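Student: The file below is protein39.txt, compact mmCIF, C-alpha atoms and all ligand atoms:
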# COMPACT_ATOMS: atom_id res chain seq x y z
CA ALA A 1 -5.09 2.02 -19.91
CA LEU A 2 -8.19 0.16 -18.74
CA THR A 3 -6.28 -2.08 -16.39
CA ILE A 4 -7.04 -3.07 -12.84
CA GLY A 5 -4.05 -3.19 -10.49
CA ILE A 6 -3.81 -6.15 -8.10
CA VAL A 7 -2.46 -5.31 -4.64
CA GLY A 8 -2.35 -7.12 -1.30
CA LEU A 9 -0.15 -8.30 1.53
CA PRO A 10 2.39 -11.04 0.87
CA ASN A 11 1.10 -14.62 0.97
CA VAL A 12 -2.56 -13.83 0.39
CA GLY A 13 -2.69 -15.55 -3.02
CA LYS A 14 -1.92 -12.75 -5.47
CA SER A 15 0.54 -14.80 -7.53
CA THR A 16 -1.81 -17.76 -7.55
CA LEU A 17 -4.65 -15.58 -8.81
CA PHE A 18 -2.40 -13.84 -11.27
CA ASN A 19 -1.15 -17.12 -12.67
CA ALA A 20 -4.74 -18.10 -13.30
CA LEU A 21 -5.25 -14.79 -15.11
CA THR A 22 -2.18 -15.13 -17.31
CA ARG A 23 -2.69 -18.79 -18.12
CA ASN A 24 -6.21 -18.01 -19.14
CA GLN A 25 -5.07 -18.21 -22.74
CA VAL A 26 -8.30 -17.35 -24.53
CA LEU A 27 -6.98 -13.92 -25.33
CA ALA A 28 -3.76 -15.01 -26.98
CA ALA A 29 -5.77 -17.22 -29.33
CA ASN A 30 -8.37 -14.57 -30.09
CA TYR A 31 -6.20 -11.51 -30.43
CA PRO A 32 -2.99 -12.60 -32.15
CA PHE A 33 -1.88 -9.00 -32.64
CA ALA A 34 -2.36 -7.83 -29.08
CA THR A 35 0.88 -7.35 -27.23
CA ILE A 36 0.60 -8.95 -23.84
CA GLU A 37 2.95 -7.71 -21.15
CA PRO A 38 4.34 -10.26 -18.72
CA ASN A 39 2.74 -8.50 -15.76
CA VAL A 40 -0.67 -8.24 -17.42
CA GLY A 41 -3.29 -10.96 -17.07
CA VAL A 42 -6.48 -10.98 -19.04
CA VAL A 43 -9.92 -12.43 -18.59
CA ASN A 44 -12.83 -12.16 -20.99
CA LEU A 45 -16.05 -10.55 -19.93
CA PRO A 46 -18.63 -13.34 -20.05
CA ASP A 47 -21.33 -12.31 -22.52
CA PRO A 48 -23.97 -14.84 -23.60
CA ARG A 49 -25.23 -12.36 -26.21
CA LEU A 50 -22.26 -13.09 -28.46
CA ALA A 51 -23.22 -16.69 -29.19
CA LYS A 52 -26.78 -15.64 -30.04
CA LEU A 53 -25.62 -12.95 -32.45
CA ALA A 54 -23.09 -15.30 -34.02
CA GLU A 55 -25.95 -17.67 -34.80
CA ILE A 56 -27.88 -14.95 -36.67
CA PHE A 57 -24.85 -13.80 -38.65
CA GLY A 58 -23.17 -17.19 -39.04
CA SER A 59 -20.00 -15.75 -37.51
CA GLN A 60 -16.92 -17.95 -37.44
CA LYS A 61 -15.43 -16.36 -34.35
CA LEU A 62 -16.58 -14.89 -31.06
CA LEU A 63 -14.50 -12.11 -29.54
CA PRO A 64 -15.60 -11.07 -26.04
CA ALA A 65 -14.36 -7.90 -24.37
CA PRO A 66 -11.10 -8.45 -22.47
CA VAL A 67 -10.53 -7.07 -18.98
CA SER A 68 -6.87 -6.58 -18.04
CA PHE A 69 -5.27 -6.95 -14.64
CA VAL A 70 -1.78 -5.77 -13.81
CA ASP A 71 0.30 -7.39 -11.10
CA ILE A 72 1.65 -4.83 -8.68
CA ALA A 73 4.28 -5.92 -6.15
CA GLY A 74 3.02 -6.64 -2.62
CA ILE A 75 2.71 -3.96 -0.01
CA VAL A 76 4.41 -4.64 3.29
CA LYS A 77 3.32 -3.02 6.50
CA GLY A 78 5.25 0.13 7.27
CA ALA A 79 6.21 0.68 3.64
CA SER A 80 5.09 4.28 3.95
CA GLU A 81 7.52 4.89 6.80
CA GLY A 82 11.10 5.54 5.83
CA GLU A 83 11.29 5.51 2.07
CA GLY A 84 7.59 5.14 1.56
CA LEU A 85 6.06 2.97 -1.13
CA GLY A 86 8.56 2.30 -3.89
CA ASN A 87 8.43 4.62 -6.88
CA LYS A 88 7.93 1.77 -9.29
CA PHE A 89 5.06 0.52 -7.18
CA LEU A 90 3.43 3.94 -7.06
CA ALA A 91 3.86 4.46 -10.79
CA ASN A 92 2.19 1.10 -11.49
CA ILE A 93 -0.71 1.88 -9.21
CA ARG A 94 -1.16 5.34 -10.67
CA GLU A 95 -1.46 3.87 -14.16
CA ALA A 96 -4.15 1.42 -13.17
CA GLU A 97 -7.73 2.53 -13.59
CA ALA A 98 -8.97 0.63 -10.53
CA ILE A 99 -7.48 -1.31 -7.63
CA ALA A 100 -8.29 -4.92 -6.82
CA GLN A 101 -7.16 -5.75 -3.34
CA VAL A 102 -6.65 -9.45 -2.65
CA VAL A 103 -7.55 -10.30 0.95
CA ARG A 104 -6.85 -13.66 2.54
CA VAL A 105 -9.81 -15.31 4.23
CA PHE A 106 -8.74 -18.90 3.61
CA ASP A 107 -7.51 -20.88 6.57
CA ASP A 108 -4.41 -22.96 6.00
CA PRO A 109 -1.89 -23.65 8.76
CA ASP A 110 0.70 -24.43 6.06
CA VAL A 111 0.55 -20.91 4.65
CA ILE A 112 2.17 -18.40 6.95
CA HIS A 113 0.40 -15.09 7.47
CA VAL A 114 2.70 -12.08 7.70
CA ASP A 115 0.98 -10.97 10.91
CA GLY A 116 0.57 -14.46 12.34
CA LYS A 117 -3.21 -14.71 11.95
CA VAL A 118 -5.95 -14.48 9.34
CA ASP A 119 -7.66 -11.16 9.99
CA PRO A 120 -9.20 -9.61 6.87
CA ARG A 121 -10.19 -6.35 8.55
CA SER A 122 -6.70 -5.71 9.85
CA ASP A 123 -5.13 -6.72 6.50
CA MET A 124 -7.32 -4.31 4.56
CA GLU A 125 -6.45 -1.59 7.03
CA THR A 126 -2.75 -2.25 6.56
CA ILE A 127 -2.96 -1.92 2.80
CA ASN A 128 -5.33 1.03 2.82
CA THR A 129 -3.22 2.87 5.39
CA GLU A 130 -0.23 2.74 3.05
CA LEU A 131 -2.30 4.10 0.16
CA ILE A 132 -3.89 6.75 2.37
CA LEU A 133 -0.50 7.93 3.64
CA ALA A 134 0.75 8.22 0.07
CA ASP A 135 -2.31 10.35 -0.80
CA LEU A 136 -1.88 12.56 2.27
CA GLN A 137 1.67 13.20 1.15
CA THR A 138 0.42 14.17 -2.31
CA ILE A 139 -2.11 16.58 -0.82
CA GLU A 140 0.33 18.13 1.63
CA ASN A 141 2.75 18.75 -1.22
CA ALA A 142 0.05 20.32 -3.39
CA ILE A 143 -1.67 22.60 -0.89
CA PRO A 144 0.92 25.43 -0.67
CA ARG A 145 0.90 25.78 -4.48
CA ILE A 146 -2.88 25.69 -4.68
CA GLU A 147 -3.24 28.22 -1.86
CA LYS A 148 -0.94 30.55 -3.73
CA GLU A 149 -2.97 30.18 -6.92
CA VAL A 150 -6.18 30.92 -5.06
CA LYS A 151 -4.60 34.05 -3.59
CA ILE A 152 -3.67 35.41 -7.01
CA LYS A 153 -7.12 34.40 -8.33
CA LYS A 154 -5.67 31.88 -10.77
CA ARG A 155 -7.86 29.28 -9.16
CA ASP A 156 -11.29 29.03 -7.59
CA ALA A 157 -11.41 28.78 -3.77
CA ALA A 158 -13.85 25.88 -4.17
CA GLU A 159 -11.02 23.76 -5.52
CA LEU A 160 -8.93 24.31 -2.43
CA ALA A 161 -11.94 23.53 -0.24
CA ALA A 162 -12.51 20.26 -2.09
CA ILE A 163 -8.90 19.23 -1.58
CA LYS A 164 -9.06 20.09 2.11
CA ALA A 165 -12.24 18.04 2.45
CA ALA A 166 -10.38 15.10 0.93
CA GLN A 167 -7.57 15.64 3.39
CA VAL A 168 -10.03 15.37 6.30
CA VAL A 169 -11.32 12.04 4.94
CA LEU A 170 -7.80 10.64 4.60
CA GLU A 171 -6.72 11.90 8.01
CA ARG A 172 -9.53 9.99 9.68
CA GLY A 173 -8.30 6.85 7.90
CA ASP A 174 -10.85 6.46 5.11
CA THR A 175 -10.20 6.07 1.40
CA ILE A 176 -11.52 8.72 -0.97
CA PHE A 177 -13.45 6.14 -3.02
CA SER A 178 -15.37 4.89 0.02
CA SER A 179 -16.27 8.47 1.03
CA ILE A 180 -17.34 10.06 -2.27
CA LYS A 181 -21.04 9.90 -1.45
CA SER A 182 -20.97 10.10 2.35
CA ASP A 183 -18.73 13.17 2.32
CA LYS A 184 -20.10 14.68 -0.91
CA LEU A 185 -16.57 14.96 -2.27
CA GLU A 186 -16.16 17.12 -5.39
CA MET A 187 -14.28 14.58 -7.46
CA GLY A 188 -13.79 16.94 -10.40
CA HIS A 189 -11.57 19.14 -8.26
CA LEU A 190 -9.51 16.19 -7.02
CA LYS A 191 -8.77 14.71 -10.41
CA GLU A 192 -5.51 16.56 -11.07
CA LEU A 193 -3.94 15.13 -7.90
CA GLY A 194 -4.20 11.54 -9.16
CA LEU A 195 -4.98 10.23 -5.69
CA LEU A 196 -4.56 6.47 -5.33
CA THR A 197 -7.50 5.97 -3.01
CA ALA A 198 -9.79 7.92 -5.35
CA LYS A 199 -9.63 5.01 -7.80
CA PRO A 200 -12.47 2.53 -7.69
CA PHE A 201 -11.70 -0.37 -5.34
CA ILE A 202 -12.64 -4.03 -5.64
CA TYR A 203 -12.00 -6.46 -2.80
CA VAL A 204 -11.12 -9.98 -3.87
CA PHE A 205 -11.58 -12.31 -0.93
CA ASN A 206 -9.42 -15.36 -1.44
CA ALA A 207 -11.59 -17.91 0.29
CA ASP A 208 -11.81 -21.62 0.94
CA GLU A 209 -14.84 -23.87 0.42
CA GLY A 210 -16.19 -23.01 3.84
CA ILE A 211 -16.58 -19.32 3.07
CA LEU A 212 -17.63 -19.90 -0.56
CA GLY A 213 -20.62 -21.76 0.84
CA ASP A 214 -21.33 -19.35 3.69
CA THR A 215 -23.44 -16.46 2.45
CA ALA A 216 -23.80 -14.94 5.92
CA LYS A 217 -20.03 -14.67 6.27
CA GLN A 218 -19.83 -13.22 2.76
CA ASP A 219 -22.47 -10.62 3.59
CA GLU A 220 -20.49 -9.62 6.65
CA LEU A 221 -17.35 -9.08 4.57
CA ARG A 222 -19.33 -7.31 1.84
CA ALA A 223 -20.71 -4.88 4.40
CA MET A 224 -17.19 -4.23 5.66
CA VAL A 225 -16.03 -2.96 2.25
CA ALA A 226 -19.19 -1.29 0.92
CA PRO A 227 -19.63 0.75 -1.25
CA ALA A 228 -16.74 -1.07 -2.93
CA ASP A 229 -17.62 -4.32 -4.71
CA ALA A 230 -16.53 -7.70 -3.36
CA VAL A 231 -15.65 -10.91 -5.20
CA PHE A 232 -15.28 -14.26 -3.45
CA LEU A 233 -13.10 -16.87 -5.07
CA ASP A 234 -10.61 -19.61 -4.34
CA ALA A 235 -7.40 -18.65 -6.10
CA LYS A 236 -6.09 -22.21 -5.97
CA LEU A 237 -9.25 -23.56 -7.55
CA GLU A 238 -9.10 -20.83 -10.21
CA SER A 239 -5.56 -21.79 -11.16
CA ASP A 240 -6.73 -25.40 -11.56
CA LEU A 241 -9.79 -24.39 -13.59
CA VAL A 242 -7.81 -22.61 -16.30
CA GLU A 243 -5.99 -25.89 -17.02
CA LEU A 244 -9.24 -27.65 -17.88
CA ASP A 245 -11.35 -27.50 -21.01
CA GLU A 246 -14.69 -25.72 -20.84
CA GLU A 247 -16.77 -28.80 -20.10
CA GLU A 248 -14.47 -30.10 -17.36
CA ALA A 249 -14.21 -26.66 -15.81
CA ARG A 250 -17.99 -26.39 -15.65
CA GLU A 251 -18.25 -29.77 -13.93
CA MET A 252 -15.60 -28.82 -11.41
CA LEU A 253 -17.38 -25.57 -10.63
CA GLU A 254 -20.67 -27.40 -10.18
CA MET A 255 -19.00 -29.81 -7.80
CA ASN A 256 -17.94 -26.78 -5.78
CA GLY A 257 -21.45 -25.39 -5.85
CA GLN A 258 -20.61 -22.44 -8.10
CA SER A 259 -22.29 -21.37 -11.32
CA GLU A 260 -19.54 -19.06 -12.52
CA SER A 261 -15.76 -19.07 -12.16
CA GLY A 262 -14.12 -16.51 -9.90
CA LEU A 263 -12.28 -15.04 -12.87
CA ASP A 264 -15.57 -14.50 -14.72
CA GLN A 265 -16.97 -12.81 -11.64
CA LEU A 266 -13.87 -10.68 -11.38
CA ALA A 267 -14.26 -9.61 -15.00
CA ARG A 268 -17.90 -8.65 -14.52
CA VAL A 269 -17.31 -6.77 -11.28
CA GLY A 270 -14.22 -5.08 -12.71
CA PHE A 271 -16.17 -3.97 -15.75
CA HIS A 272 -18.95 -2.59 -13.60
CA THR A 273 -16.58 -0.84 -11.20
CA LEU A 274 -14.79 0.81 -14.11
CA GLY A 275 -18.06 2.22 -15.46
CA LEU A 276 -17.68 0.39 -18.75
CA GLN A 277 -20.16 -1.13 -21.16
CA THR A 278 -20.00 -2.94 -24.47
CA TYR A 279 -21.48 -2.57 -27.89
CA LEU A 280 -21.45 -5.31 -30.48
CA THR A 281 -20.49 -5.76 -34.10
CA ALA A 282 -21.42 -8.86 -36.04
CA GLY A 283 -20.78 -10.38 -39.46
CA PRO A 284 -19.88 -13.68 -41.07
CA LYS A 285 -16.26 -13.39 -39.96
CA GLU A 286 -16.74 -12.51 -36.31
CA THR A 287 -19.09 -11.31 -33.61
CA ARG A 288 -17.29 -9.02 -31.27
CA ALA A 289 -17.87 -7.01 -28.10
CA TRP A 290 -16.14 -3.61 -27.89
CA THR A 291 -15.43 -1.81 -24.66
CA ILE A 292 -16.61 1.77 -24.18
CA ARG A 293 -17.41 4.01 -21.25
CA GLN A 294 -20.97 4.58 -20.14
CA GLY A 295 -22.05 7.82 -21.82
CA ASP A 296 -19.77 7.50 -24.85
CA THR A 297 -21.15 8.84 -28.13
CA ALA A 298 -21.28 6.96 -31.44
CA PRO A 299 -18.06 8.56 -32.82
CA GLN A 300 -16.23 7.72 -29.59
CA ALA A 301 -17.45 4.14 -29.87
CA ALA A 302 -16.27 4.01 -33.49
CA GLY A 303 -12.86 5.25 -32.33
CA VAL A 304 -12.38 2.10 -30.26
CA ILE A 305 -12.32 0.09 -33.50
CA HIS A 306 -10.03 2.52 -35.30
CA SER A 307 -9.18 6.19 -34.85
CA ASP A 308 -10.03 6.70 -38.56
CA PHE A 309 -13.57 5.53 -37.85
CA GLN A 310 -13.93 8.30 -35.29
CA ARG A 311 -12.33 10.99 -37.45
CA GLY A 312 -14.34 10.09 -40.55
CA PHE A 313 -17.56 9.22 -38.72
CA ILE A 314 -20.69 9.83 -40.79
CA LYS A 315 -23.40 7.81 -39.09
CA ALA A 316 -24.13 4.59 -37.29
CA GLU A 317 -26.73 1.95 -38.08
CA VAL A 318 -27.95 0.78 -34.69
CA VAL A 319 -30.29 -1.94 -33.50
CA SER A 320 -30.65 -3.05 -29.91
CA PHE A 321 -29.63 -6.62 -29.18
CA ASP A 322 -33.13 -7.54 -27.95
CA ASP A 323 -34.88 -6.11 -31.03
CA LEU A 324 -32.51 -7.95 -33.33
CA ILE A 325 -33.00 -11.26 -31.52
CA ASP A 326 -36.79 -10.76 -31.58
CA ALA A 327 -36.68 -10.11 -35.32
CA GLY A 328 -34.38 -13.03 -35.98
CA SER A 329 -32.48 -11.34 -38.81
CA MET A 330 -31.12 -7.95 -39.78
CA ALA A 331 -33.51 -7.77 -42.76
CA GLU A 332 -36.54 -8.45 -40.56
CA ALA A 333 -35.33 -5.93 -37.95
CA LYS A 334 -35.10 -3.36 -40.75
CA SER A 335 -38.55 -4.07 -42.08
CA ARG A 336 -39.90 -3.69 -38.55
CA GLY A 337 -38.26 -0.26 -38.38
CA LYS A 338 -36.00 -1.31 -35.52
CA VAL A 339 -32.75 -0.34 -37.22
CA ARG A 340 -32.05 3.33 -36.51
CA ILE A 341 -29.69 5.72 -38.25
CA GLU A 342 -27.85 7.66 -35.54
CA GLY A 343 -25.57 10.67 -35.85
CA LYS A 344 -22.64 12.23 -34.01
CA GLU A 345 -24.62 13.09 -30.88
CA TYR A 346 -25.98 9.62 -30.26
CA VAL A 347 -25.13 8.23 -26.83
CA MET A 348 -24.47 4.50 -27.03
CA ALA A 349 -26.52 2.01 -25.02
CA ASP A 350 -25.17 -1.28 -23.69
CA GLY A 351 -25.80 -4.05 -26.20
CA ASP A 352 -26.27 -1.85 -29.25
CA VAL A 353 -25.48 -3.83 -32.37
CA VAL A 354 -23.76 -1.37 -34.68
CA GLU A 355 -22.42 -0.80 -38.14
CA PHE A 356 -20.53 2.44 -38.67
CA ARG A 357 -20.39 4.48 -41.87
CA PHE A 358 -17.34 6.64 -42.24
CA ASN A 359 -15.10 8.51 -44.73
CA VAL A 360 -11.50 7.45 -44.99
P1 LIG B 1 1.22 -13.83 -2.78
O1 LIG B 1 2.44 -13.67 -1.94
O2 LIG B 1 0.13 -12.95 -2.34
O3 LIG B 1 1.51 -13.76 -4.25
O4 LIG B 1 0.68 -15.30 -2.45
P2 LIG B 1 0.84 -16.67 -3.28
O5 LIG B 1 -0.07 -16.68 -4.44
O6 LIG B 1 2.28 -16.94 -3.53
O7 LIG B 1 0.26 -17.69 -2.20
C1 LIG B 1 0.92 -17.93 -0.98
C2 LIG B 1 0.65 -19.36 -0.57
O8 LIG B 1 -0.74 -19.54 -0.32
C3 LIG B 1 1.02 -20.37 -1.65
O9 LIG B 1 1.59 -21.49 -1.00
C4 LIG B 1 -0.33 -20.72 -2.27
O10 LIG B 1 -0.34 -22.05 -2.76
C5 LIG B 1 -1.28 -20.58 -1.08
N1 LIG B 1 -2.62 -20.22 -1.52
C6 LIG B 1 -3.00 -19.26 -2.40
N2 LIG B 1 -4.32 -19.21 -2.54
C7 LIG B 1 -4.82 -20.16 -1.71
C8 LIG B 1 -6.15 -20.58 -1.38
O11 LIG B 1 -7.15 -20.08 -1.91
N3 LIG B 1 -6.24 -21.59 -0.46
C9 LIG B 1 -5.15 -22.15 0.14
N4 LIG B 1 -5.33 -23.12 1.03
N5 LIG B 1 -3.92 -21.78 -0.14
C10 LIG B 1 -3.74 -20.79 -1.05
Now that the file is in, can you turn its structure into structure tokens?
Tutor:
Amino acid sequence: ALTIGIVGLPNVGKSTLFNALTRNQVLAANYPFATIEPNVGVVNLPDPRLAKLAEIFGSQKLLPAPVSFVDIAGIVKGASEGEGLGNKFLANIREAEAIAQVVRVFDDPDVIHVDGKVDPRSDMETINTELILADLQTIENAIPRIEKEVKIKKRDAAELAAIKAAQVVLERGDTIFSSIKSDKLEMGHLKELGLLTAKPFIYVFNADEGILGDTAKQDELRAMVAPADAVFLDAKLESDLVELDEEEAREMLEMNGQSESGLDQLARVGFHTLGLQTYLTAGPKETRAWTIRQGDTAPQAAGVIHSDFQRGFIKAEVVSFDDLIDAGSMAEAKSRGKVRIEGKEYVMADGDVVEFRFNV
């Protein structure tokens, strides 16, 4: 599932953020048939293209692409000692496609910190250490089997080498995700292990006004977590924002010197981190954004609408968003030769406006 798991120490604002995500009710209204789990919160990917397309097609409804977040119980320091991270916890994390770690940077004497002081670097280390120890355990369990398979030539020695390289990274206290480039890790060989720290990471800094207005401080924190992406938001403010209508919410954001809500930012960064993109469909009923992976082909994109569309795929009529907007109508885009007929091999581009032809 394309969900992002939310982790973090106790009392850093996970529940507050998650409440904002679940009370963000746009989805329930837009997707009446979607089953929404109690531990899943959803936020729409902001996409100004939808309104423009809807104007051209006279669409009644706009359906942006949803990004899902799953609430995963808090990690407590030392969880990996003794029993280790709970099985339920591990299973939830394994299912998530990416990990969003909530880190407290807000100052509030009324909110107790589990370690007695606000120290983002140490908090991130605590969480990451638990995940790293879980991964080391996974690798140590796997190595004897893999060594055996290499010996009997059932497996390439390069695979074992890749796993041992990952072990070195973890043993020095780094996550796999943060070391992919620097250590030239062969991710293909690591896939089968399902390592937790190989998932893309996002750091969500739960900040107060001071930090939201302090770009130097933000840059410092950003540098600390690079190459992972960072989002700065005020979870308390976010949970207030979702109670307001659009206009009021915009005013409140402006008052706080922000142009976009933290949840919107989180959706955009999450989408980017997951390597996703959208294509668009439009008609009088609705204009809708569909989520696909970068590099997906036209039949794969069709499959997101319905598996029958993928199976019976014949061709796709494709026009880029910009060309369509320039032309002002589908008919004009056609007469300008901007509407292409694409086949099975076509690799989708972000913002393609598409109509599929298929056999049922
Ligand atoms: P969790 O244990 O990580 O789920 O943390 P909670 O969401 O329960 O938050 C712990 C406490 O911190 C609660 O009293 C929240 O009201 C408070 N809190 C959460 N986010 C913020 C924030 O951005 N600023 C301030 N001042 N307090 C916050």
Student: Would you mind reading off the distance between CA of Leu280 in chain A and CA of Ser68 in chain A, one decimal, in Å?
Tutor: 19.2 Å
Student: Can you tell me how far CA of Gly58 in chain A sits from CA of Ala249 in chain A, in Å to one decimal?
Tutor: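 Between these atoms lies a distance of 26.6 Å.
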Student: Residues within 7 Å of (-11.6, 3.9, -16.2), file coordinates, counting only C-alpha atoms: what are they? Give the list as a list in words.
Tutor: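 Taken together, the residues in range are Leu2, Glu97, Leu274 and Gly275 of chain A.
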Student: Counting all atoms listed in the file, select every polymer residue within 7 Å of (-2.6, -4.0, -5.8) as defined in the file's coordinates, and provide the selection as a PDB file with C-alpha atoms, keeping the file's coordinate frame.
Tutor:
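Written out: result-v9.pdb:
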ATOM      1  CA  GLY A   5      -4.050  -3.190 -10.490  1.00  0.00           C
ATOM      2  CA  ILE A   6      -3.810  -6.150  -8.100  1.00  0.00           C
ATOM      3  CA  VAL A   7      -2.460  -5.310  -4.640  1.00  0.00           C
ATOM      4  CA  GLY A   8      -2.350  -7.120  -1.300  1.00  0.00           C
ATOM      5  CA  ASP A  71       0.300  -7.390 -11.100  1.00  0.00           C
ATOM      6  CA  ILE A  72       1.650  -4.830  -8.680  1.00  0.00           C
ATOM      7  CA  GLY A  74       3.020  -6.640  -2.620  1.00  0.00           C
ATOM      8  CA  ILE A  99      -7.480  -1.310  -7.630  1.00  0.00           C
ATOM      9  CA  ALA A 100      -8.290  -4.920  -6.820  1.00  0.00           C
ATOM     10  CA  GLN A 101      -7.160  -5.750  -3.340  1.00  0.00           C
TER      11      GLN A 101
END
Student: Please find the residues contacting ligand LIG 1 (chain B) at a distance of at most 10 Å between atoms, with all atoms listed in the file counted, and report them as a PyMOL selection string.
Tutor: chain A and resi 6-19+71-75+102-114+205-209+233-239
Student: Take the residues just selected and output them with C-alpha atoms as a tab-separated table (two decimals), keeping the file's coordinate frame.
Tutor:
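The file below, again_39.tsv, is the result:
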chain	number	residue	atom	x	y	z
A	6	ILE	CA	-3.81	-6.15	-8.10
A	7	VAL	CA	-2.46	-5.31	-4.64
A	8	GLY	CA	-2.35	-7.12	-1.30
A	9	LEU	CA	-0.15	-8.30	1.53
A	10	PRO	CA	2.39	-11.04	0.87
A	11	ASN	CA	1.10	-14.62	0.97
A	12	VAL	CA	-2.56	-13.83	0.39
A	13	GLY	CA	-2.69	-15.55	-3.02
A	14	LYS	CA	-1.92	-12.75	-5.47
A	15	SER	CA	0.54	-14.80	-7.53
A	16	THR	CA	-1.81	-17.76	-7.55
A	17	LEU	CA	-4.65	-15.58	-8.81
A	18	PHE	CA	-2.40	-13.84	-11.27
A	19	ASN	CA	-1.15	-17.12	-12.67
A	71	ASP	CA	0.30	-7.39	-11.10
A	72	ILE	CA	1.65	-4.83	-8.68
A	73	ALA	CA	4.28	-5.92	-6.15
A	74	GLY	CA	3.02	-6.64	-2.62
A	75	ILE	CA	2.71	-3.96	-0.01
A	102	VAL	CA	-6.65	-9.45	-2.65
A	103	VAL	CA	-7.55	-10.30	0.95
A	104	ARG	CA	-6.85	-13.66	2.54
A	105	VAL	CA	-9.81	-15.31	4.23
A	106	PHE	CA	-8.74	-18.90	3.61
A	107	ASP	CA	-7.51	-20.88	6.57
A	108	ASP	CA	-4.41	-22.96	6.00
A	109	PRO	CA	-1.89	-23.65	8.76
A	110	ASP	CA	0.70	-24.43	6.06
A	111	VAL	CA	0.55	-20.91	4.65
A	112	ILE	CA	2.17	-18.40	6.95
A	113	HIS	CA	0.40	-15.09	7.47
A	114	VAL	CA	2.70	-12.08	7.70
A	205	PHE	CA	-11.58	-12.31	-0.93
A	206	ASN	CA	-9.42	-15.36	-1.44
A	207	ALA	CA	-11.59	-17.91	0.29
A	208	ASP	CA	-11.81	-21.62	0.94
A	209	GLU	CA	-14.84	-23.87	0.42
A	233	LEU	CA	-13.10	-16.87	-5.07
A	234	ASP	CA	-10.61	-19.61	-4.34
A	235	ALA	CA	-7.40	-18.65	-6.10
A	236	LYS	CA	-6.09	-22.21	-5.97
A	237	LEU	CA	-9.25	-23.56	-7.55
A	238	GLU	CA	-9.10	-20.83	-10.21
A	239	SER	CA	-5.56	-21.79	-11.16
Student: Which residue gives the smallest distance to Pro144 in chain A among A:Val354, A:Gln310, A:Lys344, A:Lys164, with all atoms listed in the file counted?
Tutor: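 Nearest candidate to Pro144 in chain A out of A:Val354, A:Gln310, A:Lys344, A:Lys164: A:Lys164.
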Student: Kindly give the distance, in Å, that separates CA of Val339 in chain A and CA of Glu55 in chain A, rounded to a single decimal.
Tutor: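 About the pair CA of Val339 in chain A and CA of Glu55 in chain A: they are 18.8 Å apart.
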Student: Using all atoms listed in the file, find the one residue out of A:Glu140, A:Glu220, A:Glu147, A:Asp308 that sits nearest to Glu171 in chain A.
Tutor: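 Of A:Glu140, A:Glu220, A:Glu147, A:Asp308, the one nearest Glu171 in chain A is A:Glu140, counting all atoms listed in the file.
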Student: Nearest to Leu63 in chain A among A:Gly116, A:Gly262, A:Gly343, A:Gly283, with distances taken over only C-alpha atoms: which residue is it?
Tutor: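 Between A:Gly116, A:Gly262, A:Gly343, A:Gly283, the residue approaching Leu63 in chain A most closely is A:Gly283.
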Student: Can you pull out every residue within 6 Å of Thr278 in chain A, counting only C-alpha atoms, but drop anything in the same chain fewer than 6 positions away, and send it as a PyMOL selection string?
Tutor: chain A and resi 289-292+350
Student: From the options A:Met255, A:Ala228, A:Glu243, A:Met348, which residue's atoms come nearest to Gln294 in chain A, counting all atoms listed in the file?
Tutor: A:Met348
Student: Would you please work out which residue, of A:Gly173, A:Gly194, A:Gly328, A:Gly270, is nearest to Ala65 in chain A when using only C-alpha atoms?
Tutor: A:Gly270
Student: Contacts of range 312-327 of chain A at 6 Å or less, counting all atoms listed in the file, minus same-chain residues fewer than 6 places along, as number ranges by chain?
Tutor: A: 299, 333, 339-343, 351-360
Student: Got a sec: who's within 12 Å of Met252 in chain A, counting only C-alpha atoms, leaving out chain neighbours fewer than 2 positions off, as a list in words?
Tutor: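 Near neighbours after the sequence-gap exclusion: Leu237, Glu238, Asp240, Leu241, Val242, Glu243, Leu244, Asp245, Glu246, Glu247, Glu248, Ala249, Arg250, Glu254, Met255, Asn256, Gly257, Gln258, Ser259, Glu260 and Ser261 of chain A.
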Student: What lies within 12 Å of Val169 in chain A using only C-alpha atoms, ignoring chain neighbours under 3 positions off, as an mmCIF file with C-alpha atoms, keeping the file's coordinate frame?
Tutor:
data_model
loop_
_atom_site.group_PDB
_atom_site.id
_atom_site.type_symbol
_atom_site.label_atom_id
_atom_site.label_comp_id
_atom_site.auth_asym_id
_atom_site.auth_seq_id
_atom_site.Cartn_x
_atom_site.Cartn_y
_atom_site.Cartn_z
ATOM 1 C CA ILE A 132 -3.890 6.750 2.370
ATOM 2 C CA LEU A 133 -0.500 7.930 3.640
ATOM 3 C CA ASP A 135 -2.310 10.350 -0.800
ATOM 4 C CA LEU A 136 -1.880 12.560 2.270
ATOM 5 C CA ILE A 139 -2.110 16.580 -0.820
ATOM 6 C CA ALA A 162 -12.510 20.260 -2.090
ATOM 7 C CA ILE A 163 -8.900 19.230 -1.580
ATOM 8 C CA LYS A 164 -9.060 20.090 2.110
ATOM 9 C CA ALA A 165 -12.240 18.040 2.450
ATOM 10 C CA ALA A 166 -10.380 15.100 0.930
ATOM 11 C CA ARG A 172 -9.530 9.990 9.680
ATOM 12 C CA GLY A 173 -8.300 6.850 7.900
ATOM 13 C CA ASP A 174 -10.850 6.460 5.110
ATOM 14 C CA THR A 175 -10.200 6.070 1.400
ATOM 15 C CA ILE A 176 -11.520 8.720 -0.970
ATOM 16 C CA PHE A 177 -13.450 6.140 -3.020
ATOM 17 C CA SER A 178 -15.370 4.890 0.020
ATOM 18 C CA SER A 179 -16.270 8.470 1.030
ATOM 19 C CA ILE A 180 -17.340 10.060 -2.270
ATOM 20 C CA LYS A 181 -21.040 9.900 -1.450
ATOM 21 C CA SER A 182 -20.970 10.100 2.350
ATOM 22 C CA ASP A 183 -18.730 13.170 2.320
ATOM 23 C CA LYS A 184 -20.100 14.680 -0.910
ATOM 24 C CA LEU A 185 -16.570 14.960 -2.270
ATOM 25 C CA THR A 197 -7.500 5.970 -3.010
ATOM 26 C CA ALA A 198 -9.790 7.920 -5.350
#
